[in-house]
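S.K.: So here's my_file_10.tsv (TSV, C-alpha atoms).
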```tsv
chain	number	residue	atom	x	y	z
A	1	MET	CA	34.59	8.11	-5.39
A	2	THR	CA	32.15	6.47	-2.99
A	3	ALA	CA	28.60	5.51	-3.84
A	4	GLN	CA	27.35	8.15	-1.39
A	5	THR	CA	29.43	10.86	-3.11
A	6	GLN	CA	27.99	9.85	-6.49
A	7	THR	CA	24.46	9.95	-5.05
A	8	ASP	CA	25.10	13.39	-3.53
A	9	GLN	CA	26.44	14.69	-6.86
A	10	ARG	CA	23.43	13.23	-8.70
A	11	ASP	CA	21.08	14.88	-6.21
A	12	GLN	CA	22.64	18.29	-6.96
A	13	ARG	CA	22.31	18.04	-10.74
A	14	ASP	CA	19.82	20.61	-11.93
A	15	ILE	CA	17.17	20.47	-14.62
A	16	VAL	CA	19.48	21.95	-17.23
A	17	ASP	CA	22.04	19.18	-16.68
A	18	GLU	CA	19.27	16.59	-16.94
A	19	LEU	CA	17.74	17.94	-20.15
A	20	ILE	CA	21.10	18.34	-21.87
A	21	THR	CA	21.92	14.73	-20.97
A	22	ASP	CA	18.56	13.66	-22.40
A	23	HIS	CA	19.31	15.47	-25.67
A	24	ARG	CA	22.74	13.85	-25.97
A	25	GLU	CA	21.51	10.35	-25.21
A	26	ALA	CA	18.62	10.53	-27.69
A	27	LEU	CA	20.86	11.92	-30.43
A	28	GLN	CA	23.44	9.19	-29.76
A	29	LEU	CA	20.74	6.51	-30.05
A	30	LEU	CA	19.56	7.99	-33.35
A	31	ALA	CA	23.16	8.13	-34.64
A	32	ARG	CA	23.56	4.39	-33.99
A	33	ILE	CA	20.61	3.46	-36.24
A	34	PRO	CA	22.20	4.08	-39.67
A	35	VAL	CA	25.38	2.29	-38.53
A	36	SER	CA	23.48	-0.91	-37.76
A	37	VAL	CA	22.76	-3.32	-40.59
A	38	LYS	CA	20.19	-5.33	-38.60
A	39	PRO	CA	16.59	-4.15	-39.04
A	40	ASP	CA	15.60	-5.58	-35.63
A	41	GLU	CA	18.34	-3.59	-33.93
A	42	GLN	CA	17.43	-0.46	-35.90
A	43	ARG	CA	13.80	-0.85	-34.82
A	44	GLU	CA	14.78	-1.32	-31.18
A	45	LEU	CA	17.06	1.73	-31.22
A	46	ALA	CA	14.33	3.82	-32.85
A	47	ASP	CA	11.76	2.67	-30.28
A	48	ILE	CA	14.08	3.53	-27.39
A	49	ALA	CA	14.86	6.95	-28.88
A	50	ILE	CA	11.16	7.65	-29.44
A	51	ALA	CA	10.26	6.65	-25.88
A	52	GLU	CA	13.09	8.77	-24.45
A	53	VAL	CA	12.10	11.85	-26.45
A	54	VAL	CA	8.41	11.43	-25.58
A	55	ARG	CA	9.20	11.15	-21.86
A	56	HIS	CA	11.54	14.13	-22.08
A	57	SER	CA	8.96	16.26	-23.93
A	58	VAL	CA	6.14	15.45	-21.52
A	59	ALA	CA	8.33	16.27	-18.52
A	60	GLU	CA	9.45	19.54	-20.12
A	61	GLU	CA	5.90	20.58	-20.92
A	62	THR	CA	4.74	19.69	-17.42
A	63	TYR	CA	7.44	21.41	-15.34
A	64	VAL	CA	10.04	23.30	-17.36
A	65	TYR	CA	7.76	25.31	-19.61
A	66	PRO	CA	5.72	26.71	-16.69
A	67	ALA	CA	9.02	27.86	-15.13
A	68	MET	CA	10.07	29.48	-18.42
A	69	ARG	CA	6.74	31.30	-18.59
A	70	GLU	CA	7.20	32.54	-15.03
A	71	TYR	CA	10.87	33.52	-15.03
A	72	LEU	CA	11.77	34.54	-18.59
A	73	PRO	CA	10.40	37.85	-19.87
A	74	ASP	CA	9.68	36.33	-23.28
A	75	GLY	CA	8.87	32.93	-21.79
A	76	GLU	CA	5.43	32.63	-23.35
A	77	ASP	CA	6.85	33.12	-26.87
A	78	LEU	CA	9.71	30.70	-26.21
A	79	VAL	CA	7.33	28.04	-24.88
A	80	ASN	CA	4.98	28.44	-27.84
A	81	HIS	CA	7.94	27.98	-30.19
A	82	ASP	CA	9.14	24.91	-28.29
A	83	ILE	CA	5.67	23.37	-28.30
A	84	GLU	CA	5.54	23.82	-32.08
A	85	GLU	CA	8.85	21.96	-32.30
A	86	HIS	CA	7.50	19.21	-30.02
A	87	ASP	CA	4.44	18.92	-32.28
A	88	GLU	CA	6.70	18.49	-35.30
A	89	LEU	CA	8.81	15.89	-33.49
A	90	GLU	CA	5.72	13.96	-32.41
A	91	LYS	CA	4.44	13.75	-35.98
A	92	ILE	CA	7.82	12.49	-37.18
A	93	MET	CA	8.04	9.99	-34.32
A	94	LYS	CA	4.52	8.70	-34.99
A	95	GLU	CA	5.44	8.11	-38.63
A	96	LEU	CA	8.73	6.46	-37.63
A	97	GLU	CA	6.96	4.28	-35.06
A	98	LYS	CA	4.70	2.77	-37.71
A	99	THR	CA	7.39	2.40	-40.41
A	100	ASP	CA	9.15	-0.95	-40.68
A	101	ALA	CA	12.92	-0.73	-40.38
A	102	SER	CA	13.31	-2.50	-43.75
A	103	ASP	CA	11.20	0.19	-45.47
A	104	PRO	CA	13.40	2.68	-47.39
A	105	ALA	CA	11.43	5.54	-45.74
A	106	PHE	CA	12.71	4.46	-42.30
A	107	ALA	CA	16.21	5.90	-42.78
A	108	GLY	CA	14.80	9.21	-43.99
A	109	LEU	CA	12.53	9.45	-40.94
A	110	VAL	CA	15.44	8.72	-38.61
A	111	HIS	CA	17.41	11.50	-40.30
A	112	LYS	CA	14.42	13.86	-40.11
A	113	MET	CA	13.93	13.11	-36.40
A	114	SER	CA	17.64	13.64	-35.71
A	115	ASP	CA	17.62	17.00	-37.48
A	116	ALA	CA	14.47	18.19	-35.68
A	117	LEU	CA	15.78	17.07	-32.29
A	118	ARG	CA	19.21	18.60	-32.88
A	119	HIS	CA	17.63	21.94	-33.85
A	120	HIS	CA	15.35	21.88	-30.79
A	121	ALA	CA	18.23	20.99	-28.46
A	122	GLN	CA	20.45	23.76	-29.87
A	123	ASP	CA	17.69	26.35	-29.30
A	124	GLU	CA	17.22	25.30	-25.71
A	125	GLU	CA	20.87	24.81	-24.81
A	126	ALA	CA	22.18	28.01	-26.40
A	127	ASN	CA	19.40	30.37	-25.37
A	128	GLN	CA	16.79	29.16	-22.93
A	129	PHE	CA	18.74	27.03	-20.46
A	130	PRO	CA	21.43	29.64	-19.71
A	131	ARG	CA	18.70	32.22	-19.12
A	132	LEU	CA	16.88	29.89	-16.74
A	133	ARG	CA	20.10	29.43	-14.77
A	134	GLU	CA	20.50	33.23	-14.57
A	135	ARG	CA	17.00	33.79	-13.20
A	136	VAL	CA	16.19	30.70	-11.14
A	137	SER	CA	18.03	29.59	-8.03
A	138	HIS	CA	20.08	26.41	-8.09
A	139	GLU	CA	17.80	24.90	-5.43
A	140	GLN	CA	14.72	25.54	-7.58
A	141	LEU	CA	16.44	24.06	-10.64
A	142	VAL	CA	17.39	20.96	-8.63
A	143	GLU	CA	13.79	20.64	-7.45
A	144	LEU	CA	12.61	20.95	-11.06
A	145	ARG	CA	14.97	18.10	-11.97
A	146	ARG	CA	13.43	15.94	-9.26
A	147	LYS	CA	9.92	16.67	-10.54
A	148	VAL	CA	10.99	15.95	-14.12
A	149	ASP	CA	12.53	12.62	-13.05
A	150	GLN	CA	9.21	11.63	-11.45
A	151	ALA	CA	7.22	12.78	-14.46
A	152	LYS	CA	9.37	10.72	-16.84
A	153	ARG	CA	8.60	7.55	-14.87
A	154	ARG	CA	4.85	8.08	-15.38
A	155	ALA	CA	4.97	9.61	-18.87
A	156	PRO	CA	3.79	7.97	-22.08
A	157	THR	CA	6.37	6.07	-24.13
A	158	ARG	CA	4.71	6.56	-27.50
A	159	PRO	CA	3.98	9.72	-29.48
A	160	HIS	CA	0.42	11.02	-29.32
A	161	PRO	CA	0.44	13.91	-31.80
A	162	ASP	CA	-3.30	14.57	-31.44
A	163	SER	CA	-3.07	15.07	-27.66
A	164	PRO	CA	-2.62	18.53	-26.14
A	165	ASN	CA	0.94	19.51	-25.19
A	166	SER	CA	-0.04	21.18	-21.94
A	167	GLU	CA	0.90	21.01	-18.28
A	168	LEU	CA	-2.69	20.31	-17.20
A	169	PHE	CA	-3.21	17.49	-19.72
A	170	HIS	CA	0.08	15.83	-18.77
A	171	LYS	CA	-0.63	16.05	-15.04
A	172	ILE	CA	-4.21	14.75	-15.24
A	173	VAL	CA	-4.36	12.42	-18.25
A	174	GLY	CA	-0.68	11.74	-18.93
A	175	PRO	CA	-0.12	9.12	-16.20
A	176	GLY	CA	-3.06	7.08	-17.52
A	177	VAL	CA	-1.80	7.32	-21.09
A	178	GLY	CA	1.65	6.34	-19.84
A	179	LEU	CA	0.22	3.31	-18.06
A	180	VAL	CA	-1.55	2.18	-21.25
A	181	ASP	CA	1.61	2.75	-23.31
A	182	ARG	CA	3.74	0.73	-20.89
A	183	ALA	CA	1.17	-2.09	-20.94
A	184	ARG	CA	1.21	-2.08	-24.76
A	185	ASP	CA	5.02	-2.06	-24.72
A	186	LYS	CA	5.10	-5.07	-22.42
A	187	LEU	CA	2.52	-7.00	-24.45
A	188	THR	CA	4.31	-6.34	-27.73
A	189	GLY	CA	7.84	-6.75	-26.38
A	190	ARG	CA	8.72	-3.19	-27.41
A	191	THR	CA	11.94	-1.97	-25.81
A	192	THR	CA	11.74	1.56	-24.43
A	193	THR	CA	14.86	1.94	-22.34
A	194	THR	CA	18.54	1.11	-22.49
A	195	LYS	CA	18.63	0.42	-18.75
```
If you took the structure in this file and wrote it as structure tokens, what would it be?

M.R.:
Amino acid sequence: MTAQTQTDQRDQRDIVDELITDHREALQLLARIPVSVKPDEQRELADIAIAEVVRHSVAEETYVYPAMREYLPDGEDLVNHDIEEHDELEKIMKELEKTDASDPAFAGLVHKMSDALRHHAQDEEANQFPRLRERVSHEQLVELRRKVDQAKRRAPTRPHPDSPNSELFHKIVGPGVGLVDRARDKLTGRTTTTK
């Protein structure tokens, strides 16, 4: 397969493909934490997982949830439910972020985050994503993926549970919060990506 063919295939991936991949990667990172016996490695894996889930959530709230509201008959109820789950995840991630990997509570928080993320992913993948694919054209779903990719690059990397989980907040304030988070990450040496 040529590099151009791979690029063309990547360009045709839709938002559902992207979000499912995000779910899998974050859950795989979380699954690696209990296997490691090195607190520094556990901390790094947790920080990467947190950053990935925060970026994913912000991008979903900015672009995917407005599409769900528009195209799914019960979209408003589904989005409200998902935002509640994001709120729960943010609180868990905030607690995990400030807990030292050598603290006995750390493992419990990793487990709690994994369970909450797995539940959220199953809801979306089994119910919401197939319905989006039924009602939204492939071209629109590909365009949503492109917007989500851009949003993730500007999104915060740390949980902010007291901030609104809304499209408007993420579009106006989110890039500034993301910039501050990335500066803090750089200053503290916090790893936020596997790439």

S.K.: List the neighbours of Gln128 of chain A out to 9 Å using only C-alpha atoms; skip same-chain residues closer than 5 positions along the sequence, and give me the result as a PDB file with C-alpha atoms, keeping the file's coordinate frame.

M.R.:
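Result saved to result.pdb:
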```pdb
ATOM      1  CA  MET A  68      10.070  29.480 -18.420  1.00  0.00           C
ATOM      2  CA  LEU A  72      11.770  34.540 -18.590  1.00  0.00           C
ATOM      3  CA  GLY A  75       8.870  32.930 -21.790  1.00  0.00           C
ATOM      4  CA  LEU A  78       9.710  30.700 -26.210  1.00  0.00           C
ATOM      5  CA  ASP A 123      17.690  26.350 -29.300  1.00  0.00           C
ATOM      6  CA  ARG A 133      20.100  29.430 -14.770  1.00  0.00           C
TER       7      ARG A 133
END
```

S.K.: Of the candidates A:Asp47, A:Pro164, A:Ala151, A:Arg184, which shows the shortest atom-to-atom distance to Lys98 of chain A, using all atoms listed in the file?

M.R.: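 Using all atoms listed in the file, Lys98 of chain A sits closest to A:Asp47.
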
S.K.: If you count only C-alpha atoms, which residues fall within 12 Å of Glu97 of chain A, apart from same-chain ones fewer than 5 positions away, as number ranges by chain?

M.R.: A: 42-51, 54, 89-92, 103, 105-106, 109-110, 113, 157-160, 190, 192

S.K.: Return as AutoDock Vina command-line options the box centre and box size in Å, one decimal, for an axis-aligned box around all listed atoms of segment 14-17 of chain A padded by 4 Å per side.

M.R.:
```
--center_x 19.6 --center_y 20.6 --center_z -14.6 --size_x 12.9 --size_y 10.8 --size_z 13.3
```

S.K.: Between A:Gly189, A:Ser114, A:Gln12, A:Val79, which is the closest to Leu96 of chain A once you count all atoms listed in the file?

M.R.: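 Among the listed residues, A:Ser114 lies closest to Leu96 of chain A.
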
S.K.: Provide the atom CA of Val148 of chain A to atom CA of Leu132 of chain A distance in Å, to one decimal place.

M.R.: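 Between atom CA of Val148 of chain A and atom CA of Leu132 of chain A the gap works out to 15.4 Å.
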